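Trainee: This is target_34.csv (CSV, C-alpha atoms and all ligand atoms).
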```
chain,number,residue,atom,x,y,z
A,1,MET,CA,-70.7,106.8,54.9
A,2,ASN,CA,-69.4,106.5,58.5
A,3,PRO,CA,-65.7,107.2,58.3
A,4,ALA,CA,-64.9,105.6,61.7
A,5,ALA,CA,-63.5,102.1,61.8
A,6,ASN,CA,-66.3,99.6,61.8
A,7,VAL,CA,-66.5,97.5,64.9
A,8,GLU,CA,-70.3,96.9,64.9
A,9,GLY,CA,-71.1,93.5,66.4
A,10,LYS,CA,-67.5,92.8,67.4
A,11,ARG,CA,-67.3,90.8,70.6
A,12,VAL,CA,-64.4,92.4,72.6
A,13,LEU,CA,-62.9,91.5,76.0
A,14,ILE,CA,-60.8,94.3,77.6
A,15,THR,CA,-58.8,93.6,80.7
A,16,GLY,CA,-58.1,96.6,82.9
A,17,GLY,CA,-61.3,98.1,81.4
A,18,ALA,CA,-62.3,100.0,84.6
A,19,SER,CA,-59.9,102.9,84.2
A,20,GLY,CA,-57.8,105.0,81.8
A,21,ILE,CA,-57.1,103.6,78.4
A,22,GLY,CA,-59.2,100.4,78.9
A,23,ALA,CA,-62.3,102.3,80.0
A,24,GLU,CA,-61.9,104.8,77.2
A,25,LEU,CA,-61.7,102.0,74.6
A,26,ALA,CA,-64.7,100.2,76.1
A,27,LEU,CA,-66.8,103.3,75.9
A,28,LEU,CA,-65.7,104.1,72.3
A,29,LEU,CA,-66.2,100.5,71.0
A,30,ALA,CA,-69.7,100.3,72.7
A,31,SER,CA,-70.7,103.6,71.2
A,32,ARG,CA,-69.8,102.1,67.7
A,33,GLY,CA,-71.9,99.0,68.3
A,34,ALA,CA,-69.4,96.5,69.6
A,35,LYS,CA,-70.4,94.1,72.4
A,36,VAL,CA,-67.8,94.6,75.2
A,37,MET,CA,-66.9,92.9,78.4
A,38,ILE,CA,-64.5,94.7,80.7
A,39,ALA,CA,-62.5,92.7,83.3
A,40,ASP,CA,-60.7,94.3,86.2
A,41,LEU,CA,-59.7,94.0,89.8
A,42,SER,CA,-62.0,96.9,90.7
A,43,ALA,CA,-65.7,96.1,90.6
A,44,GLU,CA,-66.4,99.6,91.8
A,45,ASN,CA,-64.6,101.3,88.9
A,46,MET,CA,-66.1,98.8,86.4
A,47,ALA,CA,-69.6,99.9,87.6
A,48,LYS,CA,-68.6,103.5,87.2
A,49,THR,CA,-67.4,102.9,83.6
A,50,ILE,CA,-70.6,101.1,82.7
A,51,GLU,CA,-72.7,103.9,84.2
A,52,GLN,CA,-70.7,106.5,82.3
A,53,GLY,CA,-71.5,104.6,79.0
A,54,ASN,CA,-75.2,104.3,79.9
A,55,THR,CA,-75.4,101.3,77.6
A,56,ASP,CA,-76.3,97.7,77.7
A,57,LYS,CA,-73.4,97.0,75.3
A,58,ILE,CA,-70.9,96.8,78.2
A,59,SER,CA,-70.8,94.0,80.7
A,60,SER,CA,-68.2,93.2,83.4
A,61,CYS,CA,-66.4,90.4,85.2
A,62,GLN,CA,-64.0,90.7,88.1
A,63,VAL,CA,-60.5,89.2,87.5
A,64,ASP,CA,-57.0,89.2,88.7
A,65,VAL,CA,-54.9,88.6,85.5
A,66,ALA,CA,-51.9,87.5,87.6
A,67,ASP,CA,-54.0,84.5,88.8
A,68,ALA,CA,-54.3,81.7,86.2
A,69,ASP,CA,-57.5,80.3,87.7
A,70,SER,CA,-59.1,83.7,87.8
A,71,VAL,CA,-58.2,84.2,84.1
A,72,ARG,CA,-59.7,80.8,83.2
A,73,ALA,CA,-62.9,81.7,84.9
A,74,LEU,CA,-63.0,85.1,83.1
A,75,PHE,CA,-62.7,83.5,79.7
A,76,LYS,CA,-65.4,81.0,80.5
A,77,GLU,CA,-67.7,83.9,81.5
A,78,ALA,CA,-66.7,86.0,78.4
A,79,MET,CA,-67.5,83.1,76.0
A,80,LYS,CA,-70.8,82.7,77.7
A,81,GLY,CA,-71.7,86.4,78.0
A,82,LEU,CA,-70.4,87.6,74.6
A,83,GLY,CA,-71.1,84.4,72.7
A,84,GLY,CA,-67.5,84.2,71.4
A,85,LEU,CA,-64.5,86.4,71.2
A,86,ASP,CA,-63.4,88.4,68.1
A,87,VAL,CA,-60.9,90.6,70.0
A,88,VAL,CA,-59.1,90.3,73.3
A,89,VAL,CA,-57.3,93.5,74.6
A,90,ASN,CA,-54.8,92.7,77.2
A,91,ASN,CA,-54.6,96.1,78.8
A,92,ALA,CA,-54.5,95.5,82.6
A,93,GLY,CA,-51.3,96.8,84.0
A,94,ILE,CA,-49.5,98.4,86.9
A,95,ASP,CA,-46.3,100.5,87.4
A,96,HIS,CA,-43.9,100.9,90.3
A,97,ALA,CA,-42.5,103.8,92.2
A,98,PRO,CA,-39.7,105.4,90.1
A,99,ALA,CA,-36.3,104.2,91.5
A,100,PRO,CA,-32.8,103.3,90.2
A,101,MET,CA,-32.6,99.6,89.4
A,102,HIS,CA,-30.6,98.6,92.6
A,103,GLU,CA,-33.3,100.2,94.7
A,104,VAL,CA,-36.3,98.5,93.1
A,105,SER,CA,-37.7,96.1,95.7
A,106,ASP,CA,-38.2,92.3,95.1
A,107,ASP,CA,-41.9,92.9,95.6
A,108,ASP,CA,-42.2,95.6,93.0
A,109,PHE,CA,-40.2,93.5,90.5
A,110,ASP,CA,-42.2,90.4,91.1
A,111,ARG,CA,-45.6,92.1,91.0
A,112,ASN,CA,-44.7,93.9,87.7
A,113,ILE,CA,-43.7,90.6,86.1
A,114,ALA,CA,-46.7,88.8,87.5
A,115,VAL,CA,-49.3,91.4,86.3
A,116,ASN,CA,-47.7,93.0,83.3
A,117,LEU,CA,-46.0,90.0,81.7
A,118,LYS,CA,-47.4,86.8,83.2
A,119,GLY,CA,-50.9,88.3,83.3
A,120,VAL,CA,-50.7,88.9,79.6
A,121,TRP,CA,-49.4,85.4,78.9
A,122,HIS,CA,-52.3,83.9,81.0
A,123,CYS,CA,-54.8,85.9,78.8
A,124,MET,CA,-53.1,85.1,75.5
A,125,ARG,CA,-53.1,81.4,76.3
A,126,ALA,CA,-56.8,81.5,77.2
A,127,ALA,CA,-57.6,83.6,74.1
A,128,ILE,CA,-55.9,81.2,71.8
A,129,ALA,CA,-57.9,78.3,73.3
A,130,CYS,CA,-61.1,80.1,72.6
A,131,MET,CA,-60.2,81.6,69.2
A,132,ALA,CA,-58.4,78.6,67.5
A,133,PRO,CA,-61.5,76.3,67.4
A,134,ALA,CA,-63.7,79.3,66.3
A,135,GLY,CA,-61.5,80.0,63.2
A,136,GLY,CA,-59.5,82.9,64.4
A,137,GLY,CA,-59.4,86.3,66.2
A,138,HIS,CA,-57.2,89.2,67.2
A,139,VAL,CA,-55.3,89.7,70.4
A,140,ILE,CA,-54.1,93.2,71.2
A,141,ASN,CA,-51.5,93.6,73.9
A,142,VAL,CA,-51.0,97.0,75.5
A,143,ALA,CA,-47.2,97.2,76.0
A,144,SER,CA,-45.5,100.7,76.1
A,145,VAL,CA,-42.6,102.6,74.6
A,146,ALA,CA,-40.9,101.3,77.7
A,147,GLY,CA,-41.1,97.9,76.0
A,148,LEU,CA,-39.1,99.2,73.0
A,149,ARG,CA,-36.4,101.4,74.5
A,150,SER,CA,-34.5,102.2,77.7
A,151,SER,CA,-36.7,103.4,80.6
A,152,PRO,CA,-34.6,104.7,83.4
A,153,MET,CA,-36.1,104.5,86.9
A,154,ILE,CA,-38.9,102.0,85.8
A,155,SER,CA,-36.7,99.1,84.9
A,156,ALA,CA,-39.0,96.3,86.2
A,157,TYR,CA,-41.9,97.8,84.3
A,158,SER,CA,-39.7,98.1,81.2
A,159,ALA,CA,-38.6,94.5,81.5
A,160,ALA,CA,-42.2,93.3,81.7
A,161,LYS,CA,-43.2,95.4,78.7
A,162,HIS,CA,-40.3,94.2,76.6
A,163,GLY,CA,-41.5,90.7,77.4
A,164,VAL,CA,-45.0,91.6,76.2
A,165,VAL,CA,-43.6,92.7,72.8
A,166,GLY,CA,-41.6,89.4,72.6
A,167,LEU,CA,-44.7,87.3,73.3
A,168,THR,CA,-46.7,89.3,70.8
A,169,LYS,CA,-44.2,88.7,68.0
A,170,SER,CA,-43.7,85.0,68.7
A,171,ALA,CA,-47.4,84.3,68.9
A,172,ALA,CA,-48.1,86.2,65.7
A,173,VAL,CA,-45.8,83.8,63.8
A,174,GLU,CA,-47.0,80.7,65.7
A,175,TYR,CA,-50.7,81.3,65.1
A,176,ALA,CA,-50.8,83.1,61.7
A,177,ARG,CA,-52.1,79.9,60.0
A,178,ALA,CA,-54.8,79.6,62.7
A,179,ASN,CA,-55.9,83.0,61.6
A,180,ILE,CA,-55.2,84.6,65.0
A,181,ARG,CA,-53.5,87.9,64.9
A,182,PHE,CA,-51.4,89.5,67.6
A,183,ASN,CA,-50.3,93.1,67.8
A,184,ALA,CA,-49.0,95.3,70.5
A,185,VAL,CA,-49.8,99.0,71.2
A,186,CYS,CA,-47.0,101.1,72.6
A,187,PRO,CA,-48.1,104.4,74.1
A,188,SER,CA,-45.8,106.9,75.8
A,189,PHE,CA,-47.1,108.9,78.7
A,190,ILE,CA,-50.9,109.1,78.6
A,191,ASP,CA,-53.0,111.2,81.0
A,192,THR,CA,-54.6,108.4,83.0
A,193,PRO,CA,-54.8,107.6,86.7
A,194,MET,CA,-51.6,105.6,86.4
A,195,VAL,CA,-49.6,108.5,85.2
A,196,GLN,CA,-51.3,111.0,87.5
A,197,ASN,CA,-50.2,108.7,90.4
A,198,THR,CA,-46.6,108.7,89.1
A,199,MET,CA,-46.6,112.5,88.7
A,200,ALA,CA,-47.8,112.9,92.3
A,201,GLN,CA,-44.5,111.2,93.4
A,202,LEU,CA,-42.3,113.5,91.4
A,203,ASP,CA,-41.0,117.0,92.1
A,204,GLU,CA,-42.1,119.9,89.9
A,205,ARG,CA,-39.0,119.6,87.6
A,206,ALA,CA,-39.4,115.9,87.0
A,207,GLN,CA,-43.2,116.4,86.4
A,208,HIS,CA,-42.3,119.0,83.7
A,209,ALA,CA,-39.7,116.7,82.1
A,210,LEU,CA,-42.3,113.9,81.9
A,211,ILE,CA,-44.9,116.0,80.3
A,212,LYS,CA,-42.4,117.5,77.8
A,213,ALA,CA,-40.8,114.1,77.1
A,214,ASN,CA,-41.9,114.0,73.4
A,215,PRO,CA,-41.7,116.5,70.5
A,216,MET,CA,-45.4,117.4,70.9
A,217,LYS,CA,-44.5,118.5,74.5
A,218,ARG,CA,-47.7,117.1,76.0
A,219,LEU,CA,-49.2,114.0,77.5
A,220,GLY,CA,-51.3,111.8,75.2
A,221,LYS,CA,-55.0,111.6,75.9
A,222,PRO,CA,-56.7,108.2,76.5
A,223,GLU,CA,-59.1,108.9,73.6
A,224,GLU,CA,-56.1,109.3,71.3
A,225,VAL,CA,-55.0,105.8,72.2
A,226,ALA,CA,-58.5,104.4,72.1
A,227,GLY,CA,-59.1,105.8,68.6
A,228,ALA,CA,-56.1,104.1,67.1
A,229,MET,CA,-57.0,100.9,69.0
A,230,ALA,CA,-60.6,100.9,67.6
A,231,TRP,CA,-59.1,100.8,64.1
A,232,LEU,CA,-57.0,97.8,65.3
A,233,CYS,CA,-60.1,96.1,66.5
A,234,SER,CA,-61.8,96.5,63.1
A,235,ASP,CA,-61.3,94.3,60.1
A,236,GLU,CA,-59.4,97.2,58.4
A,237,SER,CA,-56.3,96.0,60.2
A,238,SER,CA,-56.7,92.5,58.8
A,239,PHE,CA,-53.2,92.1,57.2
A,240,MET,CA,-51.4,93.4,60.3
A,241,THR,CA,-49.9,91.0,62.8
A,242,GLY,CA,-46.7,90.8,64.9
A,243,GLN,CA,-46.4,94.6,65.0
A,244,THR,CA,-46.0,97.3,67.5
A,245,MET,CA,-48.2,100.4,67.1
A,246,VAL,CA,-46.4,103.3,68.7
A,247,LEU,CA,-48.5,106.2,70.0
A,248,ASP,CA,-45.9,108.6,71.5
A,249,GLY,CA,-46.2,112.1,70.1
A,250,GLY,CA,-43.0,111.5,68.2
A,251,MET,CA,-40.8,110.4,71.2
A,252,LEU,CA,-39.2,107.5,69.3
A,253,ALA,CA,-38.9,109.3,66.0
A,301,LIG,N1,-50.8,105.8,81.0
A,301,LIG,C1,-49.6,105.6,80.3
A,301,LIG,O1,-48.9,106.6,80.2
A,301,LIG,C2,-49.3,104.3,79.7
A,301,LIG,C3,-48.2,104.3,78.8
A,301,LIG,C4,-47.8,103.2,78.2
A,301,LIG,C5,-48.5,102.0,78.5
A,301,LIG,N2,-49.5,102.0,79.4
A,301,LIG,C6,-50.2,100.8,79.7
A,301,LIG,O2,-51.6,100.9,79.4
A,301,LIG,C7,-52.3,100.0,80.2
A,301,LIG,C8,-53.5,100.8,80.8
A,301,LIG,O3,-52.9,101.7,81.7
A,301,LIG,P1,-53.7,103.1,82.2
A,301,LIG,O4,-52.7,104.2,82.0
A,301,LIG,O5,-55.0,103.1,81.6
A,301,LIG,O6,-53.7,102.7,83.7
A,301,LIG,P2,-54.9,102.7,84.8
A,301,LIG,O7,-54.2,102.5,86.1
A,301,LIG,O8,-55.8,103.9,84.6
A,301,LIG,O9,-55.7,101.4,84.5
A,301,LIG,C9,-55.2,100.1,84.7
A,301,LIG,C10,-56.3,99.2,85.1
A,301,LIG,O10,-55.8,97.9,85.2
A,301,LIG,C11,-56.4,97.3,86.4
A,301,LIG,N3,-55.5,96.2,86.9
A,301,LIG,C12,-54.3,96.4,87.5
A,301,LIG,N4,-53.9,95.2,87.9
A,301,LIG,C13,-54.8,94.3,87.6
A,301,LIG,C14,-54.9,92.9,87.7
A,301,LIG,N5,-53.9,92.2,88.3
A,301,LIG,N6,-56.0,92.2,87.2
A,301,LIG,C15,-56.9,92.9,86.6
A,301,LIG,N7,-56.9,94.3,86.4
A,301,LIG,C16,-55.9,94.9,86.9
A,301,LIG,C17,-56.5,98.4,87.3
A,301,LIG,O11,-57.5,98.1,88.3
A,301,LIG,C18,-57.0,99.6,86.4
A,301,LIG,O12,-58.4,99.6,86.3
A,301,LIG,C19,-51.3,99.4,81.1
A,301,LIG,O13,-50.9,98.1,80.7
A,301,LIG,C20,-50.2,100.3,81.1
A,301,LIG,O14,-48.9,99.7,81.5
A,301,LIG,C21,-49.9,103.2,80.0
```
Would you mind writing the structure in this file as structure tokens?
Ligand SMILES: NC(=O)c1ccc[n+]([C@@H]2O[C@H](COP(=O)([O-])OP(=O)(O)OC[C@H]3O[C@@H](n4cnc5c(N)ncnc54)[C@H](O)[C@@H]3O)[C@@H](O)[C@H]2O)c1
Mentor:
Amino acid sequence: MNPAANVEGKRVLITGGASGIGAELALLLASRGAKVMIADLSAENMAKTIEQGNTDKISSCQVDVADADSVRALFKEAMKGLGGLDVVVNNAGIDHAPAPMHEVSDDDFDRNIAVNLKGVWHCMRAAIACMAPAGGGHVINVASVAGLRSSPMISAYSAAKHGVVGLTKSAAVEYARANIRFNAVCPSFIDTPMVQNTMAQLDERAQHALIKANPMKRLGKPEEVAGAMAWLCSDESSFMTGQTMVLDGGMLA
């Protein structure tokens, strides 16, 4: 018996699938027989991810999740390319330069809300429109521990991620009878290009503090998040909706 969560034949759309957590999840699901479409701003990085997987199970479509028209076009393409949608993973995201709240620029604040919150809302709305007539589905939103607790120096990011948790819970209740589930994944610091970029802006002491911010005293690995998310993508999670799955090395314990 294969002990891994069964995702064989699942049709999965992953935004932000060209890098970090999204790319790792795409590769893992494809290796277990899912049919995956990755959607990202970066066509170049999507091509690299597909090349890395060396599989015809992953296709791609360029999107800007902050743009409602672009998201509409993506879901049309996904329905055509995948033949339906069992799971949508809203993972595309950005952060901003660490700064005290009064120094966060309007541009940083607006862009974090546009991508991290409104982008998720665009994709949730499109996913519901596809899944409801088909009899159901599962939407997995990638939030953060920053969506559950204080996050000094990244207040705009934290505000957007708290919003994602709110959207997830409300939608779970609104669409439970339509058989559409909504859950959020809340990682702490994971070793991806996003965090590597943040680290590069910090002095050595702050870098050390970030790495040791949880009781395990290390960064999480993208594959540790992808493994848990693969279970969420499977039918084994079928009674779970409106929840936040925290992957944080014990930070919130
Ligand atoms: N890495 C962490 O420590 C961490 C912790 C908690 C939550 N998260 C969340 O996990 C998700 C993935 O982050 P990651 O660490 O893998 O980052 P990453 O930077 O490696 O990947 C993010 C991907 O999103 C894409 N993207 C950004 N803006 C987009 C847009 N407008 N439209 C489409 N694609 C867009 C980027 O091109 C990139 O490929 C994000 O939502 C992030 O906030 C990350």
Trainee: Show me, as a PDB file with C-alpha atoms, in the coordinates of the input, the residues that have an atom within 12 Å of Asp40 in chain A when counting all atoms listed in the file, minus same-chain residues fewer than 4 positions from it.
Mentor:
```
ATOM      1  CA  LEU A  13     -62.900  91.500  76.000  1.00  0.00           C
ATOM      2  CA  ILE A  14     -60.800  94.300  77.600  1.00  0.00           C
ATOM      3  CA  THR A  15     -58.800  93.600  80.700  1.00  0.00           C
ATOM      4  CA  GLY A  16     -58.100  96.600  82.900  1.00  0.00           C
ATOM      5  CA  GLY A  17     -61.300  98.100  81.400  1.00  0.00           C
ATOM      6  CA  ALA A  18     -62.300 100.000  84.600  1.00  0.00           C
ATOM      7  CA  SER A  19     -59.900 102.900  84.200  1.00  0.00           C
ATOM      8  CA  GLY A  20     -57.800 105.000  81.800  1.00  0.00           C
ATOM      9  CA  GLY A  22     -59.200 100.400  78.900  1.00  0.00           C
ATOM     10  CA  ALA A  23     -62.300 102.300  80.000  1.00  0.00           C
ATOM     11  CA  GLU A  44     -66.400  99.600  91.800  1.00  0.00           C
ATOM     12  CA  ASN A  45     -64.600 101.300  88.900  1.00  0.00           C
ATOM     13  CA  MET A  46     -66.100  98.800  86.400  1.00  0.00           C
ATOM     14  CA  ALA A  47     -69.600  99.900  87.600  1.00  0.00           C
ATOM     15  CA  THR A  49     -67.400 102.900  83.600  1.00  0.00           C
ATOM     16  CA  SER A  59     -70.800  94.000  80.700  1.00  0.00           C
ATOM     17  CA  SER A  60     -68.200  93.200  83.400  1.00  0.00           C
ATOM     18  CA  CYS A  61     -66.400  90.400  85.200  1.00  0.00           C
ATOM     19  CA  GLN A  62     -64.000  90.700  88.100  1.00  0.00           C
ATOM     20  CA  VAL A  63     -60.500  89.200  87.500  1.00  0.00           C
ATOM     21  CA  ASP A  64     -57.000  89.200  88.700  1.00  0.00           C
ATOM     22  CA  VAL A  65     -54.900  88.600  85.500  1.00  0.00           C
ATOM     23  CA  ALA A  66     -51.900  87.500  87.600  1.00  0.00           C
ATOM     24  CA  SER A  70     -59.100  83.700  87.800  1.00  0.00           C
ATOM     25  CA  VAL A  71     -58.200  84.200  84.100  1.00  0.00           C
ATOM     26  CA  LEU A  74     -63.000  85.100  83.100  1.00  0.00           C
ATOM     27  CA  ASN A  90     -54.800  92.700  77.200  1.00  0.00           C
ATOM     28  CA  ASN A  91     -54.600  96.100  78.800  1.00  0.00           C
ATOM     29  CA  ALA A  92     -54.500  95.500  82.600  1.00  0.00           C
ATOM     30  CA  GLY A  93     -51.300  96.800  84.000  1.00  0.00           C
ATOM     31  CA  ILE A  94     -49.500  98.400  86.900  1.00  0.00           C
ATOM     32  CA  VAL A 115     -49.300  91.400  86.300  1.00  0.00           C
ATOM     33  CA  GLY A 119     -50.900  88.300  83.300  1.00  0.00           C
TER      34      GLY A 119
END
```
Trainee: When distances are computed from all atoms listed in the file, which of A:Ile50, A:Met153, A:Ala228, A:Ile190 shows the smallest separation from ligand LIG 301 (chain A)?
Mentor: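 Between A:Ile50, A:Met153, A:Ala228, A:Ile190, the residue approaching ligand LIG 301 (chain A) most closely is A:Ile190.
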Trainee: Using only C-alpha atoms, determine which residues lie at most 12 Å from Asn183 in chain A, disregarding the query and same-chain residues fewer than 4 positions distant; provide the list as a PyMOL selection string.
Mentor: chain A and resi 87-90+124+137-143+164-173+176+229+232-233+237-246
Trainee: Tell me which protein, DNA and RNA residues are within 10 Å of Pro100 in chain A, counting all atoms listed in the file, leaving out same-chain ones fewer than 3 positions away, and put them as an MDAnalysis selection string.
Mentor: chainID A and resid 97 103:104 152:155
Trainee: Between CA of Arg125 in chain A and atom N6 of ligand LIG 301 (chain A), measure the distance and give it in Å to one decimal.
Mentor: 15.6 Å
Trainee: Restricting the calculation to all atoms listed in the file: of A:Ala126, A:Leu117, A:Cys186, A:Leu252, which residue gets closest to ligand LIG 301 (chain A)?
Mentor: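 Checking each of A:Ala126, A:Leu117, A:Cys186, A:Leu252 against ligand LIG 301 (chain A), counting all atoms listed in the file, the winner is A:Cys186.
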Trainee: For Gly163 in chain A, which residue among A:Met199, A:Ala178, A:Ala206, A:Ile113 is the nearest when counting only C-alpha atoms?
Mentor: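 Distance minimum relative to Gly163 in chain A lands on A:Ile113.
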Trainee: Nearest residue to ligand LIG 301 (chain A) out of A:Tyr175, A:Tyr157, A:Trp231, A:Phe182, using only C-alpha atoms and all ligand atoms?
Mentor: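 Using only C-alpha atoms and all ligand atoms, ligand LIG 301 (chain A) sits closest to A:Tyr157.
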Trainee: Write out as number ranges by chain the residues lying within 10 Å of Asp191 in chain A, counting only C-alpha atoms and excluding same-chain residues fewer than 3 positions away.
Mentor: A: 20-21, 188, 194-196, 211, 218-223
Trainee: Quick one, how far is CA of Gly147 in chain A from CA of Arg181 in chain A?
Mentor: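 Spanning CA of Gly147 in chain A to CA of Arg181 in chain A is a straight-line distance of 19.4 Å.
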Trainee: Could you list, as a list in words, every residue within 9 Å of Asn112 in chain A, counting only C-alpha atoms and ignoring same-chain residues fewer than 2 positions away?
Mentor: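 What passes the distance filter is Gly93, Ile94, Asp95, His96, Asp107, Asp108, Phe109, Asp110, Ala114, Val115, Asn116, Leu117, Lys118, Ala156, Tyr157, Ala159 and Ala160 of chain A.
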Trainee: Which distance in Å separates atom C20 of ligand LIG 301 (chain A) and CA of Asp86 in chain A, to one decimal?
Mentor: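 Atom-to-atom, atom C20 of ligand LIG 301 (chain A) to CA of Asp86 in chain A, that is 22.0 Å.
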Trainee: Using only C-alpha atoms, which residue out of A:Asn214, A:Asn179, A:Gln207, A:Ser158 lies closest to Pro133 in chain A?
Mentor: A:Asn179
Trainee: Point out the residue among A:Ala209, A:Ala39, A:Leu148, A:Met251 with the least atom-to-atom distance to Val185 in chain A, counting only C-alpha atoms.
Mentor: A:Leu148
